[in-house]
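The structure under discussion appears below in the form of structure tokens.
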Amino acid sequence: MEQRSITTTIPSLYNYIGGRFVPAANGGWMDNHNPATNTVRARIPRSNQADVDAAIQAAQAARRGPWGQTSAEQRATILDAIADGIVARFEEFAEAESADTGKPLWLTRKVDIPRAVQNFRFFAGAVRHDETGMHQMANAINYTVRQPLGIVALITPWNLPLYLLTWKAAPALGMGNVIVAKPSELTPSTATLLCEVIEQAGVPPGVFNLLHGLGAEVGAPLVDHPGVNGVSFTGGTATGAMVAAAAAPKFKKLSLELGGKNATIIFEDCDFDATVAGAARAAFLNQGQICLCGSRILVQRSIMDRFIDAFVEHVRDLKIGDPSQPESYLGSLVSQAHRDKVESYIALAKKEGGRILTGGERPALAAPFDQGAFLQPTVVADLPPDSQTATEEIFGPVVTIHPFDTDEEAVAIANGVRYGLAASVWTQDLPRAHGVAAALDTGMVWVNTWLQRDLRVPFGGMKDSGVGREGGKYSLDFFSESRNVCVRMA
Ligand code: TXE
């Protein structure tokens, strides 16, 4: 029986285990805040090991049930039904995502929620059209079959909550796995709504389970649980290292999408106005809280002064404030604690000799947003490219600008960090673009564009930005085990 009784005036969100919405076994709760107003908007279960055990038990039962007998076509039909279910409640999802994160409502309407829908539709198609190999020998044939990986743990962050959860859940379900998902404790709402949609789309109980709570109390025991066969994690690099340390000795399949310190490389022959706008979008979309954000802008010295003037003017025009207003390009950061962290980097930048060209302060906003975690888009110049500010992931609306003279110098600065997620190159010289793209130690390179996504392409990073690739067939590979069968013919 559903346990949905509300005992306080604050709405309660629940775990979803074995098809039932339930509180944490120990009865613990924690608050969920709207960071734009610093008010409590809901409470969530503060789950722990006991809830992980219950979710894994439910998942194991579901694995043995009818889900294990479904065809790819049946699962693809369910993915399409989930997409339809999100569309039917689009506005509810968009508003919940904006309230949990503080990001503008126009952004959740334009990017977060449409992309979640697209994830399910895309992987429905990918699963329908998936092919496996056949390798013929003189006297035998080999054929490859896929089977589900089993029970997969999906651990996701707060910056693109539904977008990233569905990026993993869609291919995991499509390949026939059962799931225990753990969204960020800061952004629990859309994941909970997704459980309702998934249930209505006909996913059997126990196939998709959701646990709320803190990383250390529920994420860590989930990764560690012997019943979990694979872990797909997106989050900070330090957390990713802990996840890898727990999962590797148990030989769990692991996909890690971690942090970035991505370079926007601007050459003197770029299309100037488009580049200024592109660099600003790459720096400040989602308040700079995207692992792909271009947080270091490298500019060829011959156009440095012109670029800085135009860029700073562009950034000063970006409006910040009430996330429900369409003119607010930036909303609030995800939490007061995260704003404190970002502000500590602005202080560090000054200490390291940086010059704040614009921003650096909290904006003056009317109530209730004066209580929110807002921070002006901030541009810093004059820092050495190897300074701490210019090499560590800040994950907020702060960008540093650095000059370079030659292509080789640009590549050396771009590669001179521990991360290797993405870069963008802005030039009208195609051979130069190809040459620079080839020399960059990053999993993704955009040329004259940024965050232009085709869901078929490999997504992931090099160096400390992660292990493995997701997207298209890479996701289908991750969420399955391939078995080769060799049949002797004569
Ligand atoms: O993320 P965490 P945090 C970066 C960004 C940010 C920093 C820290 O620089 O400032 O990471 O952010 C769960 N075992 N990115 O602390 O902790 C946690 O509950 C298992 C980049 O908010 O990495 C959440 O569900 N799980 C990034 C998820 O991990 C654990 C997006 C991610 O949280 C765990 C977010 C543990 N021991 C932050 N500890 C990106 N790549 O896009 C925590 N979690």
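Here's how to read the names in the structure tokens: chain A, B, ... by the order shown, residue numbers from 1 in each chain, ligand numbers from 1 in the order shown.
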
Around ligand 1, which protein and nucleic acid residues have at least one atom no more than 7 Å from it, if we count only C-alpha atoms and all ligand atoms? List them as a ChimeraX atom specification.
/A:155-159,182-185,213-216,219-220,223,234-240,242-243,257-260,290-291,338,393-395

Please provide the set of residues having any atom within 12 Å of Leu430 of chain A, restricted to only C-alpha atoms, with same-chain residues fewer than 6 positions apart removed, written as number ranges by chain.
A: 267, 269-270, 436-437, 447-448

May I have the residues within 12 Å of Leu222 of chain A as a PyMOL selection string, using only C-alpha atoms and disregarding those fewer than 5 positions away in the same chain?
chain A and resi 47-56+151-155+179-182+209-217+227-233+243+246-247+252

For segment 92-95 of chain A, please output as a list in words all residues within 10 Å (counting only C-alpha atoms; exclusion window: fewer than 2 positions along the same chain).
Ile86, Val87, Ala88, Arg89, Phe90, Glu97, Ser98, Ala99, Asp100, Lys103, Pro104, Leu105, Trp106, Leu107, Thr108, Arg109, Lys110, Val111, Asp112, Ile113, Pro114, Leu162, Ser189, Thr190, Ala191, Leu193, Leu194, Pro323 and Ser324 of chain A

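Checking A:Lys350, A:Arg128, A:Arg432, A:His314 one by one against Ile266 of chain A, counting only C-alpha atoms, you find the shortest gap at A:Arg432.
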
Tell me, as a VMD selection string, which residues lie within 12 Å of segment 455-463 of chain A, counting only C-alpha atoms; anything in the same chain fewer than 5 positions away does not count.
chain A and resid 115 to 116 118 to 123 125 to 126 167 171 232 to 234 237 255 to 262 291 to 292 415 to 423 440 to 445 468 to 478

Go ahead and dump the residues you just picked, C-alpha atoms, as a compact mmCIF listing (two decimals), in the first residue's frame.
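Full text of out18.txt as output:
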# COMPACT_ATOMS: atom_id res chain seq x y z
CA ARG A 115 16.24 16.83 -23.39
CA ALA A 116 14.85 14.31 -20.88
CA GLN A 118 14.55 13.32 -26.17
CA ASN A 119 16.71 10.91 -24.14
CA PHE A 120 13.84 8.43 -23.90
CA ARG A 121 12.81 8.84 -27.55
CA PHE A 122 16.38 8.61 -28.79
CA PHE A 123 17.19 5.44 -26.84
CA GLY A 125 15.09 4.24 -31.43
CA ALA A 126 18.61 3.12 -30.58
CA TRP A 167 20.59 10.07 -20.04
CA PRO A 171 19.60 3.19 -22.16
CA SER A 232 27.19 5.00 -13.84
CA PHE A 233 28.21 8.14 -11.98
CA THR A 234 28.20 11.81 -12.96
CA THR A 237 36.13 14.33 -9.68
CA SER A 255 31.31 4.77 -16.12
CA LEU A 256 32.51 8.07 -14.67
CA GLU A 257 31.58 11.46 -16.08
CA LEU A 258 33.47 13.97 -13.92
CA GLY A 259 34.58 17.57 -13.85
CA GLY A 260 36.11 19.86 -16.44
CA LYS A 261 38.10 23.06 -16.89
CA ASN A 262 37.35 23.56 -20.53
CA CYS A 291 30.75 20.25 -16.73
CA LEU A 292 31.18 21.37 -20.37
CA ASN A 415 46.07 20.93 -22.17
CA GLY A 416 47.84 22.25 -19.07
CA VAL A 417 45.18 21.16 -16.58
CA ARG A 418 44.29 17.84 -14.93
CA TYR A 419 40.96 17.73 -16.74
CA GLY A 420 40.26 16.66 -20.32
CA LEU A 421 36.54 16.90 -20.93
CA ALA A 422 35.84 19.39 -23.73
CA ALA A 423 37.08 22.43 -25.64
CA LEU A 440 43.73 18.70 -27.66
CA ASP A 441 43.62 16.14 -24.82
CA THR A 442 39.84 16.26 -24.49
CA GLY A 443 37.04 13.83 -25.19
CA MET A 444 35.07 16.44 -27.10
CA VAL A 445 35.96 19.41 -29.30
CA GLY A 468 34.43 5.59 -20.43
CA ARG A 469 31.98 7.08 -22.89
CA GLU A 470 28.21 7.32 -22.92
CA GLY A 471 25.89 8.23 -25.79
CA GLY A 472 24.37 6.19 -28.62
CA LYS A 473 25.91 2.75 -28.97
CA TYR A 474 28.46 3.57 -26.25
CA SER A 475 25.60 3.66 -23.73
CA LEU A 476 24.12 0.44 -25.09
CA ASP A 477 27.56 -1.18 -24.74
CA PHE A 478 27.96 0.05 -21.18

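Residues with any atom within 10 Å of Val334 of chain A, counting only C-alpha atoms and excluding same-chain neighbours fewer than 2 positions away, are His33, Asn34, Pro35, Ala36, Ala99, Asp100, Thr101, Gly102, Lys103, Trp158, Asn159, Leu186, Thr187, Asn286, Gln287, Gln289, Gly331, Ser332, Gln336, Ala337, His338, Arg339, Gly372, Ala373, Phe374 and Gly396 of chain A.
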
Tell me, as a PyMOL selection string, which residues lie within 8 Å of Tyr14 of chain A, counting only C-alpha atoms; anything in the same chain fewer than 2 positions away does not count.
chain A and resi 4+12+16+21-24+44-45+192+212
